[in-house]
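Text of run_23.cif (mmCIF, C-alpha atoms) as supplied:
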data_data
loop_
_atom_site.group_PDB
_atom_site.id
_atom_site.type_symbol
_atom_site.label_atom_id
_atom_site.label_comp_id
_atom_site.auth_asym_id
_atom_site.auth_seq_id
_atom_site.Cartn_x
_atom_site.Cartn_y
_atom_site.Cartn_z
ATOM 1 C CA MET P 1 -73.778 -53.851 78.658
ATOM 2 C CA THR P 2 -72.940 -50.146 78.872
ATOM 3 C CA LYS P 3 -73.941 -48.723 82.250
ATOM 4 C CA ILE P 4 -75.183 -45.134 82.206
ATOM 5 C CA LEU P 5 -75.739 -42.858 85.197
ATOM 6 C CA VAL P 6 -78.323 -40.103 84.618
ATOM 7 C CA THR P 7 -78.352 -37.231 87.098
ATOM 8 C CA SER P 8 -82.094 -36.774 87.321
ATOM 9 C CA SER P 9 -85.286 -38.811 87.332
ATOM 10 C CA THR P 10 -87.560 -35.896 88.185
ATOM 11 C CA GLY P 11 -88.358 -32.594 86.547
ATOM 12 C CA PHE P 12 -89.499 -32.199 82.951
ATOM 13 C CA ILE P 13 -86.555 -33.769 81.114
ATOM 14 C CA GLY P 14 -85.623 -36.213 83.897
ATOM 15 C CA SER P 15 -89.120 -37.684 84.238
ATOM 16 C CA ASN P 16 -89.430 -38.102 80.458
ATOM 17 C CA PHE P 17 -85.991 -39.725 80.360
ATOM 18 C CA PHE P 18 -87.016 -42.181 83.080
ATOM 19 C CA ALA P 19 -90.263 -42.953 81.248
ATOM 20 C CA LEU P 20 -88.394 -43.681 78.002
ATOM 21 C CA HIS P 21 -85.203 -45.354 79.229
ATOM 22 C CA LYS P 22 -86.430 -48.930 78.673
ATOM 23 C CA LYS P 23 -86.495 -48.428 74.915
ATOM 24 C CA TYR P 24 -82.702 -48.098 74.912
ATOM 25 C CA ASN P 25 -80.562 -51.220 75.244
ATOM 26 C CA TYR P 26 -78.405 -49.939 78.107
ATOM 27 C CA ASP P 27 -78.243 -50.385 81.859
ATOM 28 C CA PHE P 28 -79.451 -47.132 83.457
ATOM 29 C CA VAL P 29 -79.332 -45.810 87.004
ATOM 30 C CA PHE P 30 -80.783 -42.444 88.004
ATOM 31 C CA LEU P 31 -79.742 -40.052 90.730
ATOM 32 C CA ASN P 32 -82.530 -38.894 93.010
ATOM 33 C CA ARG P 33 -82.063 -36.632 96.017
ATOM 34 C CA ASN P 34 -85.313 -37.684 97.689
ATOM 35 C CA LEU P 35 -85.769 -41.443 97.718
ATOM 36 C CA HIS P 36 -89.091 -42.501 99.246
ATOM 37 C CA LYS P 37 -88.854 -46.169 98.345
ATOM 38 C CA LYS P 38 -86.170 -48.618 97.274
ATOM 39 C CA ASN P 39 -85.667 -49.029 93.545
ATOM 40 C CA LYS P 40 -82.608 -50.571 91.921
ATOM 41 C CA LYS P 41 -82.803 -47.881 89.244
ATOM 42 C CA TYR P 42 -82.369 -45.079 91.805
ATOM 43 C CA ILE P 43 -79.262 -43.871 93.620
ATOM 44 C CA LYS P 44 -79.697 -41.272 96.323
ATOM 45 C CA LEU P 45 -77.525 -38.190 95.914
ATOM 46 C CA ASP P 46 -78.062 -34.464 96.190
ATOM 47 C CA LEU P 47 -75.655 -32.734 93.804
ATOM 48 C CA ALA P 48 -75.515 -29.841 96.253
ATOM 49 C CA ASP P 49 -73.796 -32.103 98.828
ATOM 50 C CA GLU P 50 -70.220 -31.197 99.688
ATOM 51 C CA TYR P 51 -68.895 -34.708 99.008
ATOM 52 C CA TYR P 52 -70.023 -37.580 96.790
ATOM 53 C CA ASP P 53 -69.675 -41.273 97.617
ATOM 54 C CA ASP P 54 -67.232 -42.893 95.174
ATOM 55 C CA LYS P 55 -69.352 -46.062 95.282
ATOM 56 C CA ILE P 56 -71.975 -44.250 93.218
ATOM 57 C CA PHE P 57 -69.654 -44.380 90.215
ATOM 58 C CA LYS P 58 -68.741 -48.061 90.522
ATOM 59 C CA ASN P 59 -68.940 -49.779 87.096
ATOM 60 C CA ILE P 60 -70.388 -46.630 85.505
ATOM 61 C CA ASP P 61 -69.258 -46.197 81.881
ATOM 62 C CA VAL P 62 -71.109 -42.984 81.023
ATOM 63 C CA VAL P 63 -72.546 -40.096 83.030
ATOM 64 C CA ILE P 64 -75.337 -38.057 81.410
ATOM 65 C CA HIS P 65 -75.681 -34.886 83.428
ATOM 66 C CA ILE P 66 -79.084 -33.274 82.895
ATOM 67 C CA ALA P 67 -79.859 -31.971 86.389
ATOM 68 C CA GLY P 68 -79.651 -28.202 86.703
ATOM 69 C CA GLN P 69 -81.499 -25.030 87.501
ATOM 70 C CA ALA P 70 -83.827 -23.863 84.761
ATOM 71 C CA HIS P 71 -83.391 -20.535 82.996
ATOM 72 C CA THR P 72 -85.199 -18.138 85.325
ATOM 73 C CA ALA P 73 -84.965 -14.495 86.309
ATOM 74 C CA LEU P 74 -81.914 -14.019 88.552
ATOM 75 C CA ASN P 75 -83.093 -10.934 90.375
ATOM 76 C CA SER P 76 -81.341 -11.458 93.699
ATOM 77 C CA LYS P 77 -77.879 -12.389 94.957
ATOM 78 C CA LYS P 78 -79.311 -15.550 96.465
ATOM 79 C CA LEU P 79 -80.757 -16.724 93.133
ATOM 80 C CA LYS P 80 -77.527 -15.865 91.293
ATOM 81 C CA PHE P 81 -75.489 -17.832 93.843
ATOM 82 C CA GLN P 82 -77.859 -20.791 93.583
ATOM 83 C CA CYS P 83 -77.737 -20.736 89.778
ATOM 84 C CA LYS P 84 -73.907 -20.822 89.794
ATOM 85 C CA LYS P 85 -73.830 -23.516 92.480
ATOM 86 C CA ILE P 86 -76.102 -25.844 90.522
ATOM 87 C CA ASN P 87 -75.227 -25.104 86.897
ATOM 88 C CA TYR P 88 -71.471 -24.627 87.269
ATOM 89 C CA ASP P 89 -70.066 -25.781 90.618
ATOM 90 C CA ALA P 90 -72.027 -29.045 90.854
ATOM 91 C CA THR P 91 -71.341 -29.846 87.181
ATOM 92 C CA ILE P 92 -67.575 -29.517 87.579
ATOM 93 C CA LYS P 93 -67.545 -31.424 90.862
ATOM 94 C CA LEU P 94 -69.545 -34.260 89.303
ATOM 95 C CA ALA P 95 -67.191 -34.397 86.318
ATOM 96 C CA LYS P 96 -64.127 -34.556 88.559
ATOM 97 C CA TYR P 97 -65.612 -37.391 90.640
ATOM 98 C CA SER P 98 -66.565 -39.175 87.416
ATOM 99 C CA GLU P 99 -63.042 -38.856 86.003
ATOM 100 C CA LYS P 100 -61.447 -39.977 89.277
ATOM 101 C CA ASN P 101 -63.599 -43.114 89.303
ATOM 102 C CA GLY P 102 -62.860 -44.209 85.760
ATOM 103 C CA VAL P 103 -65.977 -42.997 83.910
ATOM 104 C CA LYS P 104 -65.197 -43.097 80.182
ATOM 105 C CA LYS P 105 -67.676 -40.509 78.903
ATOM 106 C CA PHE P 106 -69.374 -37.462 80.427
ATOM 107 C CA VAL P 107 -72.311 -35.938 78.524
ATOM 108 C CA PHE P 108 -73.383 -32.487 79.670
ATOM 109 C CA LEU P 109 -76.812 -31.084 78.880
ATOM 110 C CA SER P 110 -76.123 -27.403 78.323
ATOM 111 C CA SER P 111 -78.256 -24.766 76.626
ATOM 112 C CA VAL P 112 -78.123 -22.637 73.495
ATOM 113 C CA LYS P 113 -78.166 -19.780 76.005
ATOM 114 C CA ALA P 114 -74.427 -20.515 76.397
ATOM 115 C CA ALA P 115 -73.920 -18.918 72.973
ATOM 116 C CA GLY P 116 -76.057 -15.857 73.653
ATOM 117 C CA ASN P 117 -78.034 -14.283 70.821
ATOM 118 C CA ILE P 118 -77.011 -12.560 67.601
ATOM 119 C CA LYS P 119 -79.971 -10.905 65.931
ATOM 120 C CA GLY P 120 -80.690 -12.144 62.429
ATOM 121 C CA LYS P 121 -78.238 -15.050 62.573
ATOM 122 C CA ARG P 122 -78.787 -18.773 62.977
ATOM 123 C CA LEU P 123 -75.960 -19.569 65.353
ATOM 124 C CA LYS P 124 -73.615 -22.508 64.898
ATOM 125 C CA GLU P 125 -71.631 -24.089 67.724
ATOM 126 C CA ASP P 126 -68.616 -21.815 67.252
ATOM 127 C CA ASP P 127 -70.675 -18.616 67.149
ATOM 128 C CA TYR P 128 -70.693 -16.599 70.365
ATOM 129 C CA SER P 129 -72.388 -13.348 71.265
ATOM 130 C CA SER P 130 -71.090 -10.820 73.768
ATOM 131 C CA LYS P 131 -74.727 -10.433 74.849
ATOM 132 C CA ILE P 132 -75.213 -13.296 77.276
ATOM 133 C CA ASP P 133 -77.171 -13.507 80.518
ATOM 134 C CA LEU P 134 -75.858 -15.008 83.758
ATOM 135 C CA TYR P 135 -77.550 -18.346 83.203
ATOM 136 C CA GLY P 136 -75.890 -18.617 79.787
ATOM 137 C CA LYS P 137 -72.553 -17.514 81.239
ATOM 138 C CA PHE P 138 -72.589 -20.270 83.886
ATOM 139 C CA LYS P 139 -73.433 -22.833 81.211
ATOM 140 C CA ARG P 140 -70.660 -21.549 78.932
ATOM 141 C CA ASP P 141 -68.132 -21.516 81.792
ATOM 142 C CA ALA P 142 -69.084 -25.109 82.626
ATOM 143 C CA GLU P 143 -68.581 -26.147 78.986
ATOM 144 C CA LYS P 144 -65.109 -24.601 78.894
ATOM 145 C CA LYS P 145 -64.044 -26.215 82.158
ATOM 146 C CA LEU P 146 -65.336 -29.628 81.073
ATOM 147 C CA ILE P 147 -63.329 -29.469 77.843
ATOM 148 C CA GLU P 148 -60.297 -28.557 79.940
ATOM 149 C CA ILE P 149 -60.879 -31.546 82.248
ATOM 150 C CA SER P 150 -61.170 -33.830 79.238
ATOM 151 C CA SER P 151 -57.926 -32.578 77.695
ATOM 152 C CA ASN P 152 -56.069 -33.544 80.893
ATOM 153 C CA SER P 153 -57.671 -36.949 81.499
ATOM 154 C CA ASN P 154 -58.888 -40.151 79.841
ATOM 155 C CA MET P 155 -62.542 -39.145 80.180
ATOM 156 C CA ASN P 156 -64.182 -37.801 77.037
ATOM 157 C CA ILE P 157 -66.710 -34.963 77.111
ATOM 158 C CA SER P 158 -69.703 -34.275 74.876
ATOM 159 C CA VAL P 159 -71.854 -31.161 75.240
ATOM 160 C CA ILE P 160 -75.443 -31.040 74.013
ATOM 161 C CA ARG P 161 -76.879 -27.535 73.805
ATOM 162 C CA SER P 162 -80.630 -27.743 73.948
ATOM 163 C CA SER P 163 -82.953 -25.246 72.309
ATOM 164 C CA LEU P 164 -86.416 -24.562 73.798
ATOM 165 C CA VAL P 165 -87.892 -27.942 74.795
ATOM 166 C CA TYR P 166 -91.515 -28.999 74.283
ATOM 167 C CA GLY P 167 -93.389 -32.214 75.027
ATOM 168 C CA PRO P 168 -95.436 -33.968 77.743
ATOM 169 C CA GLU P 169 -95.447 -32.197 81.115
ATOM 170 C CA MET P 170 -93.400 -29.300 79.772
ATOM 171 C CA LYS P 171 -92.573 -26.370 82.012
ATOM 172 C CA GLY P 172 -91.941 -22.628 81.833
ATOM 173 C CA ASN P 173 -93.436 -20.307 79.256
ATOM 174 C CA LEU P 174 -94.844 -23.067 77.062
ATOM 175 C CA LYS P 175 -96.725 -24.496 80.022
ATOM 176 C CA LYS P 176 -98.076 -21.027 80.801
ATOM 177 C CA MET P 177 -99.213 -20.673 77.196
ATOM 178 C CA LEU P 178 -100.995 -24.034 77.293
ATOM 179 C CA GLN P 179 -102.731 -23.137 80.533
ATOM 180 C CA LEU P 180 -103.892 -19.770 79.210
ATOM 181 C CA ILE P 181 -104.947 -21.223 75.845
ATOM 182 C CA SER P 182 -107.018 -23.846 77.675
ATOM 183 C CA THR P 183 -109.012 -21.041 79.342
ATOM 184 C CA GLY P 184 -109.987 -19.690 75.934
ATOM 185 C CA PHE P 185 -108.647 -16.228 76.715
ATOM 186 C CA PHE P 186 -105.164 -16.273 75.209
ATOM 187 C CA PRO P 187 -104.744 -13.331 72.779
ATOM 188 C CA ILE P 188 -104.038 -14.362 69.178
ATOM 189 C CA PRO P 189 -100.584 -12.981 68.304
ATOM 190 C CA GLN P 190 -99.835 -11.237 65.038
ATOM 191 C CA GLU P 191 -97.522 -13.101 62.654
ATOM 192 C CA THR P 192 -93.910 -12.108 63.345
ATOM 193 C CA ILE P 193 -90.475 -13.243 62.212
ATOM 194 C CA LYS P 194 -89.377 -16.786 63.004
ATOM 195 C CA SER P 195 -87.670 -16.358 66.340
ATOM 196 C CA GLN P 196 -87.416 -19.696 68.171
ATOM 197 C CA SER P 197 -85.538 -22.931 67.584
ATOM 198 C CA MET P 198 -87.144 -25.814 69.485
ATOM 199 C CA ILE P 199 -86.734 -29.538 70.232
ATOM 200 C CA HIS P 200 -89.126 -32.252 71.409
ATOM 201 C CA VAL P 201 -88.068 -33.770 74.730
ATOM 202 C CA SER P 202 -87.949 -37.263 73.199
ATOM 203 C CA ASP P 203 -85.546 -36.070 70.496
ATOM 204 C CA LEU P 204 -83.462 -34.287 73.122
ATOM 205 C CA ILE P 205 -83.119 -37.534 75.085
ATOM 206 C CA ASP P 206 -82.196 -39.354 71.853
ATOM 207 C CA SER P 207 -79.441 -36.785 71.262
ATOM 208 C CA LEU P 208 -78.010 -37.371 74.749
ATOM 209 C CA ILE P 209 -77.895 -41.134 74.122
ATOM 210 C CA PHE P 210 -76.423 -40.525 70.655
ATOM 211 C CA ALA P 211 -73.633 -38.420 72.175
ATOM 212 C CA ALA P 212 -73.053 -40.979 74.938
ATOM 213 C CA ILE P 213 -72.369 -43.914 72.626
ATOM 214 C CA ASN P 214 -70.890 -42.220 69.558
ATOM 215 C CA GLU P 215 -67.100 -41.770 69.730
ATOM 216 C CA SER P 216 -67.183 -39.119 67.002
ATOM 217 C CA THR P 217 -68.928 -36.805 69.470
ATOM 218 C CA ASN P 218 -65.974 -36.869 71.884
ATOM 219 C CA ASN P 219 -64.892 -33.433 73.113
ATOM 220 C CA GLN P 220 -67.379 -31.624 70.903
ATOM 221 C CA ILE P 221 -70.305 -29.231 71.392
ATOM 222 C CA TYR P 222 -73.587 -29.732 69.536
ATOM 223 C CA ASN P 223 -76.737 -27.644 69.165
ATOM 224 C CA VAL P 224 -79.929 -29.708 68.982
ATOM 225 C CA THR P 225 -83.157 -28.451 67.397
ATOM 226 C CA ASP P 226 -85.981 -30.068 65.449
ATOM 227 C CA GLY P 227 -84.709 -28.289 62.342
ATOM 228 C CA THR P 228 -87.526 -25.736 62.180
ATOM 229 C CA ASP P 229 -87.592 -22.148 63.422
ATOM 230 C CA TYR P 230 -90.968 -20.980 64.723
ATOM 231 C CA SER P 231 -92.627 -17.598 65.050
ATOM 232 C CA PHE P 232 -94.628 -16.807 68.180
ATOM 233 C CA ARG P 233 -97.797 -17.094 66.048
ATOM 234 C CA GLU P 234 -96.791 -20.575 64.858
ATOM 235 C CA ILE P 235 -96.089 -21.687 68.436
ATOM 236 C CA TYR P 236 -99.529 -20.432 69.456
ATOM 237 C CA GLU P 237 -101.272 -22.145 66.518
ATOM 238 C CA ASN P 238 -99.558 -25.483 67.126
ATOM 239 C CA LEU P 239 -100.206 -25.507 70.875
ATOM 240 C CA SER P 240 -103.852 -24.583 70.357
ATOM 241 C CA ALA P 241 -104.466 -27.062 67.487
ATOM 242 C CA GLY P 242 -107.820 -28.766 67.908
ATOM 243 C CA HIS P 243 -108.842 -26.398 70.686
ATOM 244 C CA THR P 244 -112.167 -24.708 69.909
ATOM 245 C CA LYS P 245 -112.830 -22.683 73.041
ATOM 246 C CA ASN P 246 -110.903 -19.548 72.129
ATOM 247 C CA LYS P 247 -113.144 -16.642 73.112
ATOM 248 C CA ILE P 248 -110.804 -13.972 71.732
ATOM 249 C CA LYS P 249 -110.888 -13.696 67.929
ATOM 250 C CA ILE P 250 -108.923 -10.440 67.552
ATOM 251 C CA VAL P 251 -105.313 -10.630 66.352
ATOM 252 C CA PHE P 252 -103.054 -8.574 68.630
ATOM 253 C CA PRO P 253 -99.804 -6.859 67.555
ATOM 254 C CA ARG P 254 -96.522 -7.422 69.353
ATOM 255 C CA ILE P 255 -96.795 -4.085 71.212
ATOM 256 C CA PHE P 256 -99.874 -5.423 73.000
ATOM 257 C CA PHE P 257 -97.859 -8.278 74.502
ATOM 258 C CA LEU P 258 -95.101 -5.881 75.550
ATOM 259 C CA LEU P 259 -97.588 -3.620 77.338
ATOM 260 C CA LEU P 260 -99.252 -6.651 78.940
ATOM 261 C CA ALA P 261 -95.836 -7.882 80.101
ATOM 262 C CA MET P 262 -94.978 -4.483 81.612
ATOM 263 C CA LEU P 263 -98.304 -4.451 83.437
ATOM 264 C CA GLY P 264 -97.678 -8.021 84.574
ATOM 265 C CA SER P 265 -94.266 -7.119 85.986
ATOM 266 C CA LEU P 266 -95.831 -4.311 88.007
ATOM 267 C CA MET P 267 -98.654 -6.507 89.257
ATOM 268 C CA ASN P 268 -96.152 -9.213 90.119
ATOM 269 C CA LEU P 269 -94.849 -6.986 92.888
ATOM 270 C CA ILE P 270 -98.173 -7.535 94.655
ATOM 271 C CA ILE P 271 -99.669 -10.750 93.282
ATOM 272 C CA LYS P 272 -98.328 -13.500 91.009
ATOM 273 C CA PHE P 273 -99.063 -12.663 87.372
ATOM 274 C CA PRO P 274 -98.487 -15.294 84.623
ATOM 275 C CA PHE P 275 -96.899 -12.977 82.025
ATOM 276 C CA THR P 276 -94.054 -10.536 82.742
ATOM 277 C CA VAL P 277 -91.285 -8.736 80.856
ATOM 278 C CA VAL P 278 -89.010 -11.729 81.471
ATOM 279 C CA ASP P 279 -91.573 -14.007 79.795
ATOM 280 C CA TYR P 280 -91.990 -11.540 76.931
ATOM 281 C CA ARG P 281 -88.246 -11.489 76.237
ATOM 282 C CA LYS P 282 -88.052 -15.281 76.232
ATOM 283 C CA LEU P 283 -90.884 -15.572 73.708
ATOM 284 C CA PHE P 284 -89.989 -12.695 71.372
ATOM 285 C CA THR P 285 -86.178 -12.503 71.458
ATOM 286 C CA VAL P 286 -84.736 -14.076 68.319
ATOM 287 C CA SER P 287 -83.087 -17.323 69.412
ATOM 288 C CA THR P 288 -82.359 -19.483 66.356
ATOM 289 C CA PHE P 289 -79.629 -22.087 66.036
ATOM 290 C CA SER P 290 -78.300 -24.593 63.523
ATOM 291 C CA SER P 291 -78.130 -28.280 64.481
ATOM 292 C CA GLN P 292 -76.470 -29.325 61.227
ATOM 293 C CA LYS P 293 -73.253 -30.384 62.981
ATOM 294 C CA ILE P 294 -74.856 -33.300 64.848
ATOM 295 C CA ARG P 295 -77.095 -34.144 61.879
ATOM 296 C CA ASN P 296 -73.967 -34.585 59.767
ATOM 297 C CA LEU P 297 -73.072 -37.485 62.082
ATOM 298 C CA GLY P 298 -76.380 -39.206 61.320
ATOM 299 C CA PHE P 299 -78.554 -37.939 64.171
ATOM 300 C CA ILE P 300 -82.197 -37.580 63.115
ATOM 301 C CA THR P 301 -85.079 -35.931 64.971
ATOM 302 C CA LYS P 302 -88.566 -37.471 64.806
ATOM 303 C CA PHE P 303 -90.856 -34.687 65.996
ATOM 304 C CA LYS P 304 -92.035 -31.230 64.972
ATOM 305 C CA LEU P 305 -94.100 -28.894 67.107
ATOM 306 C CA ASN P 306 -97.240 -29.818 65.155
ATOM 307 C CA HIS P 307 -96.973 -33.324 66.654
ATOM 308 C CA PHE P 308 -97.754 -31.831 70.047
ATOM 309 C CA SER P 309 -100.907 -29.935 71.010
ATOM 310 C CA LEU P 310 -103.469 -29.598 73.782
ATOM 311 C CA ASN P 311 -105.012 -32.882 72.625
ATOM 312 C CA GLN P 312 -101.699 -34.761 72.387
ATOM 313 C CA HIS P 313 -100.537 -35.504 75.934
ATOM 314 C CA GLN P 314 -100.354 -39.226 75.314
ATOM 315 C CA ASP P 315 -97.266 -41.360 75.941
ATOM 316 C CA ILE P 316 -94.513 -40.611 73.409
ATOM 317 C CA ASN P 317 -93.040 -44.115 73.080
#
Mind turning this structure into structure tokens?
Amino acid sequence: MTKILVTSSTGFIGSNFFALHKKYNYDFVFLNRNLHKKNKKYIKLDLADEYYDDKIFKNIDVVIHIAGQAHTALNSKKLKFQCKKINYDATIKLAKYSEKNGVKKFVFLSSVKAAGNIKGKRLKEDDYSSKIDLYGKFKRDAEKKLIEISSNSNMNISVIRSSLVYGPEMKGNLKKMLQLISTGFFPIPQETIKSQSMIHVSDLIDSLIFAAINESTNNQIYNVTDGTDYSFREIYENLSAGHTKNKIKIVFPRIFFLLLAMLGSLMNLIIKFPFTVVDYRKLFTVSTFSSQKIRNLGFITKFKLNHFSLNQHQDIN
């Protein structure tokens, strides 16, 4: 049986992966940097460690590397250093240890941020923008280095670029939206252009497994989305489906959210405010991508955003 090492069992994607792994007919082990009890499915390792124990990779056929630092504001040298250390340095070190120990396949969970954004264009895998933030740059640099490692070794590489992820226990801006919607005081946004490609966490995990076991994905990069681009209004309507406590009935234009974000950024200097300019840019910047390349290989997604709402936090098996 194929043995697969997954580099996280915590966090949003890692915890969902661990919850779903039994539905796949493979032997999984998960890295965990803080083991509190013995479990044959867990291996203790902090990817920030200077050296890794070669024994960790014994009999491992595939490494699926999903651990990383989320896309956050890098407003200090310390945060920038940490982002590079986790998203680039640790990725390359892990790949080199994997290759040295005979791992056959290395699957890297990257981000569509590695391509940047081109306004008005649905980006394919070979489209790149000169406008790219540091997080995206570290992801792109890691992709390039991994392909280089693969070309000089017997270990194959597959890169999965995830779009914005939704699903049970989701984090970031979508979690903030859910929390605010649940209070009944989230402003109703005006309909705008379709600006976000998204993917359900279960489909994202399926794509990682698909890349791990499919030889046609070797040394390739793939965008993954649920095939639908959403406007901010559509995201709001889907997340609030079935929720009847909304106390604000007025529809607010985009400028309102920009002004609120600017106010939030100022207030954030004193107290923590849930909506800032960084959050505004993430929600309103056009970020649409094509996932046709991986679909052409037979990969199929099962979920759309309307499958997930405030009243749909049940198990996704």
Translate the PyMOL selection byres ((chain P and resi 113-125) around 7) into a concrete residue list for this structure, as a VMD selection string.
chain P and resid 111 to 112 126 to 129 131 to 132 136 to 137 139 to 140 221 to 223 286 to 290
Using 8 Å as the limit and counting all atoms listed in the file, can you tabulate each residue of region 93-157 of chain P that touches region 82-87 of chain P, with its shortest atom-to-atom distance in Å and the two atoms involved, as JSON lines?
{"residue": "P:Tyr135", "atom": "CA", "partner": "P:Cys83", "partner_atom": "CA", "distance": 7.0}
{"residue": "P:Phe138", "atom": "CA", "partner": "P:Lys84", "partner_atom": "CA", "distance": 6.1}
{"residue": "P:Lys139", "atom": "CA", "partner": "P:Asn87", "partner_atom": "CA", "distance": 6.4}
{"residue": "P:Ala142", "atom": "CA", "partner": "P:Asn87", "partner_atom": "CA", "distance": 7.5}
Kindly resolve the PyMOL selection byres ((chain P and resi 274) around 9) on the present coordinates and return the residues as a list of chain:residue names.
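On the file shown, the PyMOL selection byres ((chain P and resi 274) around 9) covers P:Asn173, P:Lys176, P:Leu180, P:Gly264, P:Asn268, P:Lys272, P:Phe273, P:Phe275, P:Thr276, P:Asp279.
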Rounded to one decimal place, report the CA of Leu178 (chain P)-CA of Ile193 (chain P) distance in Å.
21.3 Å
Exactly which residues make up the result of the PyMOL selection byres ((chain P and resi 200) around 8) on this file, given as an NGL selection string?
:P and (165-167 or 198-199 or 201-204 or 226 or 303-305)
Could you please take those selected residues and save C-alpha atoms as a short mmCIF file (atom, residue, chain, number, x, y, z; two decimals), keeping the file's coordinate frame?
data_model
loop_
_atom_site.label_atom_id
_atom_site.label_comp_id
_atom_site.auth_asym_id
_atom_site.auth_seq_id
_atom_site.Cartn_x
_atom_site.Cartn_y
_atom_site.Cartn_z
CA VAL P 165 -87.89 -27.94 74.80
CA TYR P 166 -91.52 -29.00 74.28
CA GLY P 167 -93.39 -32.21 75.03
CA MET P 198 -87.14 -25.81 69.48
CA ILE P 199 -86.73 -29.54 70.23
CA VAL P 201 -88.07 -33.77 74.73
CA SER P 202 -87.95 -37.26 73.20
CA ASP P 203 -85.55 -36.07 70.50
CA LEU P 204 -83.46 -34.29 73.12
CA ASP P 226 -85.98 -30.07 65.45
CA PHE P 303 -90.86 -34.69 66.00
CA LYS P 304 -92.04 -31.23 64.97
CA LEU P 305 -94.10 -28.89 67.11
#
Neighbours of point (-76.6, -30.2, 80.6) within 12 Å, using only C-alpha atoms, written as JSON, numbers by chain:
{"P": [6, 7, 8, 13, 14, 63, 64, 65, 66, 67, 68, 69, 70, 86, 87, 88, 90, 91, 92, 94, 95, 106, 107, 108, 109, 110, 111, 112, 113, 114, 136, 138, 139, 140, 142, 143, 146, 157, 158, 159, 160, 161, 162, 163, 204, 205, 207, 208, 221, 222, 223]}
Using the selection just defined, write its residues with C-alpha atoms as a short mmCIF file (atom, residue, chain, number, x, y, z; two decimals), keeping the file's coordinate frame.
data_model
loop_
_atom_site.label_atom_id
_atom_site.label_comp_id
_atom_site.auth_asym_id
_atom_site.auth_seq_id
_atom_site.Cartn_x
_atom_site.Cartn_y
_atom_site.Cartn_z
CA VAL P 6 -78.32 -40.10 84.62
CA THR P 7 -78.35 -37.23 87.10
CA SER P 8 -82.09 -36.77 87.32
CA ILE P 13 -86.56 -33.77 81.11
CA GLY P 14 -85.62 -36.21 83.90
CA VAL P 63 -72.55 -40.10 83.03
CA ILE P 64 -75.34 -38.06 81.41
CA HIS P 65 -75.68 -34.89 83.43
CA ILE P 66 -79.08 -33.27 82.90
CA ALA P 67 -79.86 -31.97 86.39
CA GLY P 68 -79.65 -28.20 86.70
CA GLN P 69 -81.50 -25.03 87.50
CA ALA P 70 -83.83 -23.86 84.76
CA ILE P 86 -76.10 -25.84 90.52
CA ASN P 87 -75.23 -25.10 86.90
CA TYR P 88 -71.47 -24.63 87.27
CA ALA P 90 -72.03 -29.04 90.85
CA THR P 91 -71.34 -29.85 87.18
CA ILE P 92 -67.58 -29.52 87.58
CA LEU P 94 -69.54 -34.26 89.30
CA ALA P 95 -67.19 -34.40 86.32
CA PHE P 106 -69.37 -37.46 80.43
CA VAL P 107 -72.31 -35.94 78.52
CA PHE P 108 -73.38 -32.49 79.67
CA LEU P 109 -76.81 -31.08 78.88
CA SER P 110 -76.12 -27.40 78.32
CA SER P 111 -78.26 -24.77 76.63
CA VAL P 112 -78.12 -22.64 73.50
CA LYS P 113 -78.17 -19.78 76.00
CA ALA P 114 -74.43 -20.52 76.40
CA GLY P 136 -75.89 -18.62 79.79
CA PHE P 138 -72.59 -20.27 83.89
CA LYS P 139 -73.43 -22.83 81.21
CA ARG P 140 -70.66 -21.55 78.93
CA ALA P 142 -69.08 -25.11 82.63
CA GLU P 143 -68.58 -26.15 78.99
CA LEU P 146 -65.34 -29.63 81.07
CA ILE P 157 -66.71 -34.96 77.11
CA SER P 158 -69.70 -34.28 74.88
CA VAL P 159 -71.85 -31.16 75.24
CA ILE P 160 -75.44 -31.04 74.01
CA ARG P 161 -76.88 -27.54 73.81
CA SER P 162 -80.63 -27.74 73.95
CA SER P 163 -82.95 -25.25 72.31
CA LEU P 204 -83.46 -34.29 73.12
CA ILE P 205 -83.12 -37.53 75.08
CA SER P 207 -79.44 -36.78 71.26
CA LEU P 208 -78.01 -37.37 74.75
CA ILE P 221 -70.31 -29.23 71.39
CA TYR P 222 -73.59 -29.73 69.54
CA ASN P 223 -76.74 -27.64 69.17
#
Choose the residue, out of P:Thr225, P:Thr217, P:Ser240, P:Asn16, that has the smallest atom-to-atom separation from Met177 (chain P); count all atoms listed in the file.
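When distances to Met177 (chain P) are compared using all atoms listed in the file, the smallest one comes from P:Ser240.
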Nearest to Glu191 (chain P) by atom-to-atom distance, counting all atoms listed in the file, from P:Arg254, P:Lys93, P:Lys145, P:Lys175:
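Using all atoms listed in the file, the shortest distance to Glu191 (chain P) belongs to P:Arg254.
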Mind pulling up the distance from CA of Val278 (chain P) to CA of Ala261 (chain P)?
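Calculated distance between CA of Ala261 (chain P) and CA of Val278 (chain P) is 8.0 Å.
CA of Asn214 (chain P) is found 11.0 Å from CA of Asn156 (chain P).
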Which of these residues is nearest to Phe252 (chain P), using only C-alpha atoms: P:Gln190, P:Gln196, P:Asn218, P:Asn306?
P:Gln190
Padding 8 Å on every side, please: axis-aligned box over the listed atoms of region 193-203 of chain P, centre and edge lengths to one decimal in Å, as AutoDock Vina command-line options.
--center_x -88.0 --center_y -25.3 --center_z 68.5 --size_x 20.9 --size_y 40.0 --size_z 28.5
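Candidate residues P:Ser291, P:Ser216, P:Asn59, P:Thr285 were compared for distance to Val29 (chain P), and the nearest is P:Asn59, using all atoms listed in the file.
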Within 8 Å of Asp54 (chain P) using all atoms listed in the file, minus same-chain residues under 4 positions, as a PDB file with C-alpha atoms, in the frame of the given file:
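Writing the result to selection_25.pdb gives the following:
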ATOM      1  CA  LYS P  58     -68.741 -48.061  90.522  1.00  0.00           C
ATOM      2  CA  TYR P  97     -65.612 -37.391  90.640  1.00  0.00           C
ATOM      3  CA  ASN P 101     -63.599 -43.114  89.303  1.00  0.00           C
TER       4      ASN P 101
END
